[in-house]
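Visitor: Got data36.pdb for you, PDB, C-alpha atoms and all ligand atoms:
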ATOM      1  CA  MET A   1     -14.329  12.417  -5.383
ATOM      2  CA  SER A   2     -11.122  12.859  -3.437
ATOM      3  CA  ILE A   3     -10.643  15.939  -1.250
ATOM      4  CA  LEU A   4      -6.866  15.819  -1.703
ATOM      5  CA  SER A   5      -5.153  18.747  -3.373
ATOM      6  CA  CYS A   6      -1.981  18.972  -5.382
ATOM      7  CA  PRO A   7       0.976  20.067  -3.236
ATOM      8  CA  VAL A   8       2.460  21.905  -6.250
ATOM      9  CA  CYS A   9      -0.460  23.930  -7.686
ATOM     10  CA  HIS A  10      -3.194  23.321  -5.045
ATOM     11  CA  THR A  11      -5.838  22.175  -7.534
ATOM     12  CA  PRO A  12      -7.900  19.048  -6.690
ATOM     13  CA  LEU A  13      -6.297  15.647  -7.193
ATOM     14  CA  GLN A  14      -8.256  12.974  -9.037
ATOM     15  CA  LYS A  15      -7.658   9.330  -8.268
ATOM     16  CA  GLN A  16      -6.454   7.200 -11.200
ATOM     17  CA  PRO A  17      -5.897   3.436 -10.982
ATOM     18  CA  LYS A  18      -2.259   3.779  -9.883
ATOM     19  CA  SER A  19      -1.777   7.447  -9.085
ATOM     20  CA  TYR A  20      -3.366  10.772  -8.238
ATOM     21  CA  GLN A  21      -3.277  13.529 -10.838
ATOM     22  CA  CYS A  22      -4.285  17.213 -10.975
ATOM     23  CA  GLU A  23      -5.522  19.285 -13.924
ATOM     24  CA  ASN A  24      -1.993  20.601 -14.443
ATOM     25  CA  ASN A  25      -0.675  17.083 -14.948
ATOM     26  CA  HIS A  26       1.208  16.724 -11.698
ATOM     27  CA  HIS A  27       1.283  12.990 -10.869
ATOM     28  CA  PHE A  28       1.735  11.231  -7.550
ATOM     29  CA  ASP A  29       2.102   7.467  -7.586
ATOM     30  CA  ILE A  30       0.202   5.272  -5.177
ATOM     31  CA  ALA A  31       2.849   3.170  -3.385
ATOM     32  CA  LYS A  32       2.464  -0.599  -3.446
ATOM     33  CA  GLN A  33       1.301  -0.496   0.187
ATOM     34  CA  GLY A  34      -1.472   1.928  -0.865
ATOM     35  CA  TYR A  35      -0.349   5.301   0.537
ATOM     36  CA  ILE A  36       0.581   8.432  -1.426
ATOM     37  CA  ASN A  37       3.516  10.662  -0.779
ATOM     38  CA  LEU A  38       2.569  14.352  -1.167
ATOM     39  CA  LEU A  39       5.532  15.660   0.845
ATOM     40  CA  GLN A  40       7.800  17.559  -1.493
ATOM     41  CA  SER A  41      11.495  17.092  -0.827
ATOM     42  CA  ASN A  42      12.092  20.860  -0.524
ATOM     43  CA  LYS A  43       9.601  20.925   2.392
ATOM     44  CA  LYS A  44      11.455  18.258   4.397
ATOM     45  CA  ARG A  45      13.566  19.404   7.323
ATOM     46  CA  SER A  46      15.368  16.063   7.529
ATOM     47  CA  LEU A  47      15.901  13.046   5.289
ATOM     48  CA  ASP A  48      13.587  10.851   7.334
ATOM     49  CA  PRO A  49      11.142  13.143   9.159
ATOM     50  CA  GLY A  50       8.678  12.095  11.860
ATOM     51  CA  ASP A  51       8.643   8.900  13.884
ATOM     52  CA  ASN A  52      11.173   6.316  12.725
ATOM     53  CA  LYS A  53      10.521   2.660  11.911
ATOM     54  CA  ASN A  54      11.430   1.479  15.410
ATOM     55  CA  MET A  55       8.935   3.872  17.058
ATOM     56  CA  ILE A  56       6.146   3.079  14.609
ATOM     57  CA  THR A  57       6.629  -0.676  14.940
ATOM     58  CA  ALA A  58       6.563  -0.386  18.732
ATOM     59  CA  ARG A  59       3.385   1.749  18.508
ATOM     60  CA  ARG A  60       1.689  -0.826  16.268
ATOM     61  CA  GLN A  61       2.598  -3.693  18.635
ATOM     62  CA  PHE A  62       1.546  -1.804  21.765
ATOM     63  CA  LEU A  63      -1.752  -0.412  20.435
ATOM     64  CA  ALA A  64      -2.755  -3.777  18.952
ATOM     65  CA  GLN A  65      -2.973  -5.161  22.502
ATOM     66  CA  GLY A  66      -5.839  -2.798  23.333
ATOM     67  CA  TYR A  67      -4.261  -0.907  26.242
ATOM     68  CA  TYR A  68      -5.248   2.425  24.681
ATOM     69  CA  GLU A  69      -8.715   1.330  23.591
ATOM     70  CA  PRO A  70     -10.292   3.573  26.277
ATOM     71  CA  ILE A  71      -8.716   6.565  24.500
ATOM     72  CA  SER A  72     -10.120   5.450  21.175
ATOM     73  CA  ASN A  73     -13.523   4.852  22.807
ATOM     74  CA  VAL A  74     -13.702   8.418  24.145
ATOM     75  CA  LEU A  75     -12.853   9.762  20.698
ATOM     76  CA  ASN A  76     -15.539   7.615  19.077
ATOM     77  CA  GLU A  77     -18.097   8.650  21.704
ATOM     78  CA  ILE A  78     -17.373  12.362  21.193
ATOM     79  CA  LEU A  79     -17.840  11.996  17.477
ATOM     80  CA  GLY A  80     -20.919   9.831  17.867
ATOM     81  CA  CYS A  81     -22.573  12.440  20.133
ATOM     82  CA  LYS A  82     -21.750  15.354  17.874
ATOM     83  CA  ASN A  83     -22.747  13.750  14.586
ATOM     84  CA  PRO A  84     -24.662  10.530  15.260
ATOM     85  CA  GLU A  85     -25.967   9.747  11.772
ATOM     86  CA  LEU A  86     -23.788  11.506   9.248
ATOM     87  CA  SER A  87     -21.051  10.069   7.134
ATOM     88  CA  LEU A  88     -18.231  12.561   7.593
ATOM     89  CA  LYS A  89     -14.939  13.437   5.976
ATOM     90  CA  ILE A  90     -12.498  12.871   8.805
ATOM     91  CA  LEU A  91      -8.805  13.692   8.789
ATOM     92  CA  GLU A  92      -6.387  12.571  11.479
ATOM     93  CA  VAL A  93      -3.198  14.620  11.402
ATOM     94  CA  GLY A  94      -0.210  12.700  12.776
ATOM     95  CA  SER A  95      -2.069   9.432  12.334
ATOM     96  CA  GLY A  96       0.845   7.131  13.245
ATOM     97  CA  ASP A  97       0.061   3.475  12.608
ATOM     98  CA  GLY A  98      -3.623   4.247  11.878
ATOM     99  CA  TYR A  99      -5.089   2.623  15.005
ATOM    100  CA  TYR A 100      -7.468   5.437  16.005
ATOM    101  CA  ILE A 101      -8.668   6.464  12.547
ATOM    102  CA  ASN A 102      -9.361   2.826  11.727
ATOM    103  CA  ARG A 103     -11.624   2.495  14.771
ATOM    104  CA  LEU A 104     -13.532   5.569  13.545
ATOM    105  CA  LYS A 105     -13.805   4.149  10.054
ATOM    106  CA  GLU A 106     -15.894   1.313  11.460
ATOM    107  CA  LYS A 107     -18.716   3.912  11.413
ATOM    108  CA  ASN A 108     -18.667   4.377   7.615
ATOM    109  CA  HIS A 109     -16.965   7.767   7.528
ATOM    110  CA  GLU A 110     -14.629   8.799   4.703
ATOM    111  CA  CYS A 111     -11.297   8.741   6.485
ATOM    112  CA  TYR A 112      -7.857  10.178   5.780
ATOM    113  CA  GLY A 113      -4.642   9.877   7.785
ATOM    114  CA  VAL A 114      -1.741  12.262   7.312
ATOM    115  CA  ASP A 115       1.687  11.694   8.791
ATOM    116  CA  ILE A 116       5.074  13.159   7.960
ATOM    117  CA  SER A 117       6.664   9.754   8.591
ATOM    118  CA  LYS A 118       6.681   7.452   5.575
ATOM    119  CA  HIS A 119       7.131   4.492   7.943
ATOM    120  CA  ALA A 120       3.837   5.441   9.572
ATOM    121  CA  ALA A 121       2.001   5.753   6.230
ATOM    122  CA  LYS A 122       3.454   2.459   5.036
ATOM    123  CA  ILE A 123       2.460   0.420   8.088
ATOM    124  CA  ALA A 124      -0.972   2.086   8.304
ATOM    125  CA  ALA A 125      -1.812   1.648   4.601
ATOM    126  CA  THR A 126      -0.661  -1.973   4.586
ATOM    127  CA  LYS A 127      -3.214  -2.895   7.242
ATOM    128  CA  TYR A 128      -6.132  -0.492   6.709
ATOM    129  CA  LYS A 129      -7.070  -0.589   3.036
ATOM    130  CA  ASN A 130     -10.220   1.551   3.114
ATOM    131  CA  ILE A 131      -8.544   4.624   4.587
ATOM    132  CA  THR A 132      -6.436   7.012   2.503
ATOM    133  CA  PHE A 133      -3.019   7.490   4.099
ATOM    134  CA  VAL A 134      -0.872  10.377   2.935
ATOM    135  CA  VAL A 135       2.706  11.388   3.699
ATOM    136  CA  ALA A 136       2.504  15.142   4.234
ATOM    137  CA  SER A 137       3.227  17.759   6.852
ATOM    138  CA  ALA A 138       0.697  19.178   9.281
ATOM    139  CA  VAL A 139       2.187  22.555   8.335
ATOM    140  CA  GLU A 140       0.771  22.327   4.819
ATOM    141  CA  LEU A 141      -2.125  19.892   4.633
ATOM    142  CA  PRO A 142      -2.754  18.844   1.004
ATOM    143  CA  PHE A 143      -6.552  19.097   1.144
ATOM    144  CA  ILE A 144      -9.074  21.278  -0.671
ATOM    145  CA  ASN A 145     -10.008  24.372   1.332
ATOM    146  CA  HIS A 146     -12.811  23.758   3.854
ATOM    147  CA  SER A 147     -13.292  20.138   2.785
ATOM    148  CA  VAL A 148     -12.729  18.397   6.155
ATOM    149  CA  ASP A 149     -15.662  17.942   8.567
ATOM    150  CA  VAL A 150     -13.648  16.706  11.525
ATOM    151  CA  LEU A 151      -9.945  17.163  12.092
ATOM    152  CA  ILE A 152      -8.371  14.970  14.763
ATOM    153  CA  SER A 153      -5.026  15.479  16.436
ATOM    154  CA  LEU A 154      -3.967  12.939  19.054
ATOM    155  CA  PHE A 155      -0.657  13.635  20.770
ATOM    156  CA  SER A 156       0.617  15.172  17.526
ATOM    157  CA  PRO A 157       1.911  18.569  16.368
ATOM    158  CA  PHE A 158      -0.793  21.034  15.372
ATOM    159  CA  TYR A 159      -0.612  24.089  13.108
ATOM    160  CA  GLU A 160      -3.538  26.457  13.339
ATOM    161  CA  ASP A 161      -3.118  28.150   9.918
ATOM    162  CA  SER A 162      -3.115  24.926   8.006
ATOM    163  CA  ALA A 163      -6.004  23.412  10.003
ATOM    164  CA  ASN A 164      -8.028  26.594   9.528
ATOM    165  CA  LYS A 165      -7.640  26.339   5.752
ATOM    166  CA  VAL A 166      -8.868  22.781   5.365
ATOM    167  CA  LEU A 167     -11.597  22.661   8.033
ATOM    168  CA  ALA A 168     -15.200  23.095   6.808
ATOM    169  CA  LYS A 169     -17.226  26.065   8.085
ATOM    170  CA  HIS A 170     -19.267  23.760  10.279
ATOM    171  CA  GLY A 171     -16.164  21.696  11.114
ATOM    172  CA  LEU A 172     -14.924  20.365  14.414
ATOM    173  CA  ILE A 173     -11.478  19.741  15.804
ATOM    174  CA  ILE A 174     -10.890  17.031  18.381
ATOM    175  CA  GLN A 175      -7.513  17.227  20.031
ATOM    176  CA  ALA A 176      -6.096  14.916  22.706
ATOM    177  CA  VAL A 177      -3.280  16.126  24.957
ATOM    178  CA  PRO A 178      -1.581  14.345  27.877
ATOM    179  CA  LEU A 179      -2.127  15.887  31.343
ATOM    180  CA  THR A 180       0.294  15.952  34.290
ATOM    181  CA  HIS A 181      -0.268  12.412  35.540
ATOM    182  CA  HIS A 182      -0.225  10.729  32.139
ATOM    183  CA  LEU A 183       2.255   7.819  32.295
ATOM    184  CA  PHE A 184       3.439   9.236  35.621
ATOM    185  CA  GLU A 185       4.703   5.877  36.939
ATOM    186  CA  LEU A 186       6.807   5.339  33.807
ATOM    187  CA  ARG A 187       8.304   8.818  34.105
ATOM    188  CA  GLN A 188       9.124   8.139  37.786
ATOM    189  CA  ILE A 189      11.319   5.254  36.687
ATOM    190  CA  LEU A 190      12.915   7.140  33.810
ATOM    191  CA  TYR A 191      13.812  10.450  35.441
ATOM    192  CA  LYS A 192      15.318  11.632  38.729
ATOM    193  CA  GLU A 193      12.669  14.298  39.062
ATOM    194  CA  VAL A 194       9.227  14.154  37.510
ATOM    195  CA  ASN A 195       7.516  17.364  36.556
ATOM    196  CA  ILE A 196       4.134  17.521  38.259
ATOM    197  CA  ASN A 197       3.328  21.100  37.333
ATOM    198  CA  PRO A 198       0.070  21.436  35.441
ATOM    199  CA  ALA A 199       0.660  20.888  31.735
ATOM    200  CA  PRO A 200       0.695  24.138  29.730
ATOM    201  CA  LYS A 201      -2.730  24.777  28.233
ATOM    202  CA  ASN A 202      -1.588  25.542  24.676
ATOM    203  CA  LEU A 203      -5.133  26.104  23.534
ATOM    204  CA  LEU A 204      -5.816  26.398  19.814
ATOM    205  CA  THR A 205      -7.508  29.735  20.281
ATOM    206  CA  GLN A 206      -4.460  32.009  19.864
ATOM    207  CA  LYS A 207      -5.297  33.031  16.317
ATOM    208  CA  GLU A 208      -9.043  33.165  16.941
ATOM    209  CA  TYR A 209      -9.798  30.655  14.189
ATOM    210  CA  PHE A 210     -11.346  28.191  16.630
ATOM    211  CA  ASN A 211     -13.621  28.300  19.691
ATOM    212  CA  LEU A 212     -13.113  25.850  22.530
ATOM    213  CA  GLU A 213     -16.550  24.241  22.917
ATOM    214  CA  GLU A 214     -15.955  21.501  25.450
ATOM    215  CA  THR A 215     -13.308  19.484  27.261
ATOM    216  CA  LYS A 216     -13.430  15.955  28.551
ATOM    217  CA  VAL A 217     -10.819  14.265  30.760
ATOM    218  CA  LEU A 218     -10.055  10.571  30.652
ATOM    219  CA  ASN A 219      -8.539   9.120  33.839
ATOM    220  CA  HIS A 220      -7.819   5.450  33.554
ATOM    221  CA  SER A 221      -5.401   2.831  34.911
ATOM    222  CA  ILE A 222      -3.777   0.112  32.888
ATOM    223  CA  HIS A 223      -1.695  -2.850  33.954
ATOM    224  CA  LEU A 224       1.181  -3.937  31.724
ATOM    225  CA  SER A 225       1.899  -7.538  32.560
ATOM    226  CA  ASP A 226       5.177  -8.270  30.789
ATOM    227  CA  GLN A 227       8.500  -6.721  29.871
ATOM    228  CA  ALA A 228       7.791  -6.840  26.112
ATOM    229  CA  CYS A 229       4.837  -4.455  26.287
ATOM    230  CA  ILE A 230       6.654  -2.183  28.762
ATOM    231  CA  GLN A 231       9.422  -1.863  26.162
ATOM    232  CA  GLU A 232       6.938  -1.274  23.323
ATOM    233  CA  LEU A 233       5.329   1.595  25.231
ATOM    234  CA  PHE A 234       8.742   3.036  26.084
ATOM    235  CA  ARG A 235       9.979   2.815  22.469
ATOM    236  CA  MET A 236       6.911   4.541  21.044
ATOM    237  CA  THR A 237       7.362   7.633  23.255
ATOM    238  CA  PRO A 238       9.906  10.480  23.043
ATOM    239  CA  HIS A 239      11.165   9.343  26.491
ATOM    240  CA  TYR A 240      13.148   6.704  24.584
ATOM    241  CA  TRP A 241      15.525   9.395  23.311
ATOM    242  CA  LYS A 242      15.868  11.205  26.621
ATOM    243  CA  THR A 243      16.530   8.375  29.054
ATOM    244  CA  SER A 244      19.983   7.496  30.434
ATOM    245  CA  PRO A 245      21.329   3.940  29.900
ATOM    246  CA  GLU A 246      21.128   3.366  33.683
ATOM    247  CA  ARG A 247      17.427   4.196  33.781
ATOM    248  CA  GLN A 248      16.784   2.157  30.640
ATOM    249  CA  HIS A 249      18.412  -0.775  32.427
ATOM    250  CA  GLU A 250      16.145  -0.266  35.440
ATOM    251  CA  LEU A 251      13.128  -0.347  33.185
ATOM    252  CA  SER A 252      14.367  -3.527  31.496
ATOM    253  CA  LEU A 253      14.190  -5.364  34.845
ATOM    254  CA  LEU A 254      10.463  -4.797  35.350
ATOM    255  CA  GLN A 255       7.996  -7.585  34.636
ATOM    256  CA  GLU A 256       4.862  -5.521  35.261
ATOM    257  CA  LEU A 257       3.823  -1.910  35.566
ATOM    258  CA  ASP A 258       0.642  -0.128  36.637
ATOM    259  CA  LEU A 259       0.153   3.094  34.728
ATOM    260  CA  THR A 260      -2.114   6.095  34.846
ATOM    261  CA  LEU A 261      -3.574   7.500  31.643
ATOM    262  CA  GLU A 262      -4.660  11.121  32.035
ATOM    263  CA  ILE A 263      -5.724  12.774  28.828
ATOM    264  CA  GLU A 264      -7.713  15.862  27.986
ATOM    265  CA  PHE A 265      -9.886  15.869  24.883
ATOM    266  CA  ARG A 266     -10.558  19.351  23.569
ATOM    267  CA  ILE A 267     -13.354  19.979  21.124
ATOM    268  CA  TYR A 268     -13.215  23.110  19.019
ATOM    269  CA  SER A 269     -15.585  24.586  16.479
ATOM    270  CA  HIS A 270     -14.596  26.834  13.611
ATOM    271  CA  ALA A 271     -14.966  30.491  14.639
ATOM    272  CA  ASN A 272     -15.734  33.564  12.582
ATOM    273  CA  MET A 273     -16.614  31.659   9.439
ATOM    274  CA  LYS A 274     -18.975  33.700   7.266
ATOM    275  CA  SER A 275     -21.528  31.441   5.598
TER     276      SER A 275
HETATM  277  C1  LIG B 301       3.061  10.746  19.277
HETATM  278  S1  LIG B 301       2.777  10.165  17.647
HETATM  279  C2  LIG B 301       0.990   9.980  17.670
HETATM  280  C3  LIG B 301       0.484   9.061  16.600
HETATM  281  C4  LIG B 301      -1.022   8.734  16.703
HETATM  282  N1  LIG B 301      -1.826   9.929  16.682
HETATM  283  C5  LIG B 301      -1.272   7.943  17.960
HETATM  284  O1  LIG B 301      -1.662   8.552  18.976
HETATM  285  O2  LIG B 301      -1.048   6.729  17.940
HETATM  286  C6  LIG B 301       2.976  11.663  16.680
HETATM  287  C7  LIG B 301       2.879  11.411  15.180
HETATM  288  O3  LIG B 301       2.975  12.680  14.524
HETATM  289  C8  LIG B 301       3.822  12.553  13.391
HETATM  290  N2  LIG B 301       4.348  13.907  13.077
HETATM  291  C9  LIG B 301       5.341  14.594  13.673
HETATM  292  N3  LIG B 301       5.501  15.806  13.099
HETATM  293  C10 LIG B 301       4.564  15.900  12.118
HETATM  294  C11 LIG B 301       4.216  16.905  11.160
HETATM  295  N4  LIG B 301       4.868  18.076  11.100
HETATM  296  N5  LIG B 301       3.216  16.646  10.289
HETATM  297  C12 LIG B 301       2.553  15.453  10.313
HETATM  298  N6  LIG B 301       2.845  14.466  11.196
HETATM  299  C13 LIG B 301       3.828  14.686  12.094
HETATM  300  C14 LIG B 301       4.868  11.535  13.809
HETATM  301  O4  LIG B 301       5.530  10.935  12.704
HETATM  302  C15 LIG B 301       4.028  10.571  14.638
HETATM  303  O5  LIG B 301       3.513   9.515  13.855
END
Re-express the file's structure as structure tokens.
Guide:
Amino acid sequence: MSILSCPVCHTPLQKQPKSYQCENNHHFDIAKQGYINLLQSNKKRSLDPGDNKNMITARRQFLAQGYYEPISNVLNEILGCKNPELSLKILEVGSGDGYYINRLKEKNHECYGVDISKHAAKIAATKYKNITFVVASAVELPFINHSVDVLISLFSPFYEDSANKVLAKHGLIIQAVPLTHHLFELRQILYKEVNINPAPKNLLTQKEYFNLEETKVLNHSIHLSDQACIQELFRMTPHYWKTSPERQHELSLLQELDLTLEIEFRIYSHANMKS
């Protein structure tokens, strides 16, 4: 049974051969690529929200080369340690091209990816057929209350109210955030001055829904050995929009780049849930 809920009346959605339907007869077609769009047009803040096609394509090309596999490995290890045997209902919010959730799916979990970008859902669903990809906003996750065992957020926007609603009582959140030295060498090329102040903590404990259980830092170096993958990395980040033409030109002259990855994984449990 699906754990998706109707974005109109919030009752459970049942999967039909070509659509999802709720008891009040609201229908949502499954696109030919296999994703479903549960983002209602009155909830969109722009015509084409989230990462655009150029960013998503660059992300797919860059991640496919394995440079970020160490990040995916840490995520898989955390989950493996916390729940070694179980088959879990896992939701990645802001799932992009589906790279990380697909590597978790290898463990037989029931996996869902939500992204506000239809380009992301399209490219993810085309490649990863046994994961359910949904166009929806992290602000209003279309899932049955307390149905998600593990909610993952990797470099993506997070909304505590919505996560609190869908996370199971025993649920876990795994969040990955970049630290000060993450992609430092790239930022040195792109900006006159690079901010080396400690990244703001922004813990998900403000509303007291979640307890921070553990943190884990990944420090790793990668070597990009051609201009094409340097450009793919650049195009998949928000730096692409902020960089002057002069600095973009400087970057276009590089044939290799050594880069630091510095990422904090934060593991939260659900607090104050009465059983
Ligand atoms: C930096 S990318 C990270 C993608 C993926 N987690 C990864 O690390 O490869 C952030 C993703 O969040 C999505 N996004 C942005 N705002 C969102 C929102 N309000 N709800 C859901 N997804 C959102 C973007 O479209 C984009 O795919």
Visitor: Once the PyMOL selection byres (((chain A and resi 3) around 10) and not hetatm) is applied to the coordinates I shared, what remains selected? I want it as an MDAnalysis selection string.
Guide: chainID A and resid 1:2 4:5 12:14 89 112 142:148 166
Visitor: Hey, which of A:Phe210, A:Phe158, A:Tyr128, A:Phe265 ends up closest to Leu141 (chain A)? Count all atoms listed in the file.
Guide: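 Counting all atoms listed in the file, the residue closest to Leu141 (chain A) is A:Phe158.
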Visitor: Please list as a PDB file with C-alpha atoms, keeping the file's coordinate frame every residue within 12 Å of region 35-37 of chain A, counting all atoms listed in the file and excluding residues in the same chain fewer than 6 positions away.
Guide:
ATOM      1  CA  LEU A   4      -6.866  15.819  -1.703  1.00  0.00           C
ATOM      2  CA  SER A   5      -5.153  18.747  -3.373  1.00  0.00           C
ATOM      3  CA  CYS A   6      -1.981  18.972  -5.382  1.00  0.00           C
ATOM      4  CA  PRO A   7       0.976  20.067  -3.236  1.00  0.00           C
ATOM      5  CA  LEU A  13      -6.297  15.647  -7.193  1.00  0.00           C
ATOM      6  CA  LYS A  15      -7.658   9.330  -8.268  1.00  0.00           C
ATOM      7  CA  LYS A  18      -2.259   3.779  -9.883  1.00  0.00           C
ATOM      8  CA  SER A  19      -1.777   7.447  -9.085  1.00  0.00           C
ATOM      9  CA  TYR A  20      -3.366  10.772  -8.238  1.00  0.00           C
ATOM     10  CA  GLN A  21      -3.277  13.529 -10.838  1.00  0.00           C
ATOM     11  CA  HIS A  27       1.283  12.990 -10.869  1.00  0.00           C
ATOM     12  CA  PHE A  28       1.735  11.231  -7.550  1.00  0.00           C
ATOM     13  CA  ASP A  29       2.102   7.467  -7.586  1.00  0.00           C
ATOM     14  CA  GLY A  98      -3.623   4.247  11.878  1.00  0.00           C
ATOM     15  CA  TYR A 112      -7.857  10.178   5.780  1.00  0.00           C
ATOM     16  CA  GLY A 113      -4.642   9.877   7.785  1.00  0.00           C
ATOM     17  CA  VAL A 114      -1.741  12.262   7.312  1.00  0.00           C
ATOM     18  CA  ASP A 115       1.687  11.694   8.791  1.00  0.00           C
ATOM     19  CA  ILE A 116       5.074  13.159   7.960  1.00  0.00           C
ATOM     20  CA  SER A 117       6.664   9.754   8.591  1.00  0.00           C
ATOM     21  CA  LYS A 118       6.681   7.452   5.575  1.00  0.00           C
ATOM     22  CA  HIS A 119       7.131   4.492   7.943  1.00  0.00           C
ATOM     23  CA  ALA A 120       3.837   5.441   9.572  1.00  0.00           C
ATOM     24  CA  ALA A 121       2.001   5.753   6.230  1.00  0.00           C
ATOM     25  CA  LYS A 122       3.454   2.459   5.036  1.00  0.00           C
ATOM     26  CA  ILE A 123       2.460   0.420   8.088  1.00  0.00           C
ATOM     27  CA  ALA A 124      -0.972   2.086   8.304  1.00  0.00           C
ATOM     28  CA  ALA A 125      -1.812   1.648   4.601  1.00  0.00           C
ATOM     29  CA  THR A 126      -0.661  -1.973   4.586  1.00  0.00           C
ATOM     30  CA  LYS A 127      -3.214  -2.895   7.242  1.00  0.00           C
ATOM     31  CA  TYR A 128      -6.132  -0.492   6.709  1.00  0.00           C
ATOM     32  CA  LYS A 129      -7.070  -0.589   3.036  1.00  0.00           C
ATOM     33  CA  ASN A 130     -10.220   1.551   3.114  1.00  0.00           C
ATOM     34  CA  ILE A 131      -8.544   4.624   4.587  1.00  0.00           C
ATOM     35  CA  THR A 132      -6.436   7.012   2.503  1.00  0.00           C
ATOM     36  CA  PHE A 133      -3.019   7.490   4.099  1.00  0.00           C
ATOM     37  CA  VAL A 134      -0.872  10.377   2.935  1.00  0.00           C
ATOM     38  CA  VAL A 135       2.706  11.388   3.699  1.00  0.00           C
ATOM     39  CA  ALA A 136       2.504  15.142   4.234  1.00  0.00           C
ATOM     40  CA  SER A 137       3.227  17.759   6.852  1.00  0.00           C
ATOM     41  CA  PRO A 142      -2.754  18.844   1.004  1.00  0.00           C
TER      42      PRO A 142
END
Visitor: Please write out the residues within 10 Å of ligand LIG 301 (chain B) as number ranges by chain, counting all atoms listed in the file.
Guide: A: 39, 44-45, 48-53, 55-56, 59-60, 62-63, 68, 71-72, 92-101, 113-121, 134-141, 152-159, 175-177, 236-238
Visitor: What is the distance between CA of Ser244 (chain A) and CA of Glu264 (chain A), in Å to one decimal?
Guide: 29.0 Å
Visitor: Name the closest residue to Ala271 (chain A) among the candidates A:Thr243, A:Gln231, A:Asn211, A:Gln16; distances are taken between atoms, counting all atoms listed in the file.
Guide: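 Smallest separation from Ala271 (chain A) among the options: A:Asn211.
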Visitor: Written as a list in words, which residues does the PyMOL selection byres (((chain A and resi 219-224) around 8) and not hetatm) give for the file shown?
Guide: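 What the PyMOL selection byres (((chain A and resi 219-224) around 8) and not hetatm) grabs from the file is Tyr67, Pro70, Val217, Leu218, Ser225, Asp226, Cys229, Ile230, Glu256, Leu257, Asp258, Leu259, Thr260, Leu261, Glu262 and Ile263 of chain A.
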Visitor: Using all atoms listed in the file and a cutoff of 12 Å, can you tell me which residues are near (6.2, 20.1, 37.8) in the file's coordinates, and write them out as JSON, numbers by chain?
Guide: {"A": [179, 180, 181, 184, 193, 194, 195, 196, 197, 198, 199, 200]}
Visitor: To test your reading of the syntax: which residues would the PyMOL selection byres (((chain A and resi 86) around 12) and not hetatm) return for the file shown? Reply as a VMD selection string.
Guide: chain A and resid 79 to 85 87 to 90 107 to 110 149 to 150
Visitor: Generate N, CA and C atoms for region 21-33 of chain A and emit them as a compact mmCIF listing (two decimals), in the coordinates of the input.
Guide:
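The resulting file, result-v2.txt, is shown below:
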# COMPACT_ATOMS: atom_id res chain seq x y z
N GLN A 21 -3.72 12.58 -9.82
CA GLN A 21 -3.28 13.53 -10.84
C GLN A 21 -4.13 14.79 -10.73
N CYS A 22 -3.50 15.96 -10.99
CA CYS A 22 -4.28 17.21 -10.98
C CYS A 22 -4.46 17.71 -12.41
N GLU A 23 -5.23 18.79 -12.56
CA GLU A 23 -5.52 19.28 -13.92
C GLU A 23 -4.27 19.84 -14.62
N ASN A 24 -3.24 20.12 -13.84
CA ASN A 24 -1.99 20.60 -14.44
C ASN A 24 -0.98 19.49 -14.66
N ASN A 25 -1.50 18.26 -14.64
CA ASN A 25 -0.68 17.08 -14.95
C ASN A 25 0.43 16.77 -13.96
N HIS A 26 0.27 17.20 -12.72
CA HIS A 26 1.21 16.72 -11.70
C HIS A 26 0.72 15.35 -11.23
N HIS A 27 1.63 14.38 -11.20
CA HIS A 27 1.28 12.99 -10.87
C HIS A 27 1.91 12.58 -9.56
N PHE A 28 1.18 11.78 -8.80
CA PHE A 28 1.74 11.23 -7.55
C PHE A 28 1.35 9.76 -7.50
N ASP A 29 2.36 8.91 -7.54
CA ASP A 29 2.10 7.47 -7.59
C ASP A 29 1.53 6.96 -6.27
N ILE A 30 0.66 5.97 -6.38
CA ILE A 30 0.20 5.27 -5.18
C ILE A 30 1.23 4.17 -4.91
N ALA A 31 1.82 4.18 -3.72
CA ALA A 31 2.85 3.17 -3.38
C ALA A 31 2.22 1.79 -3.33
N LYS A 32 3.04 0.75 -3.41
CA LYS A 32 2.46 -0.60 -3.45
C LYS A 32 1.70 -0.93 -2.16
N GLN A 33 2.05 -0.27 -1.07
CA GLN A 33 1.30 -0.50 0.19
C GLN A 33 -0.03 0.27 0.19
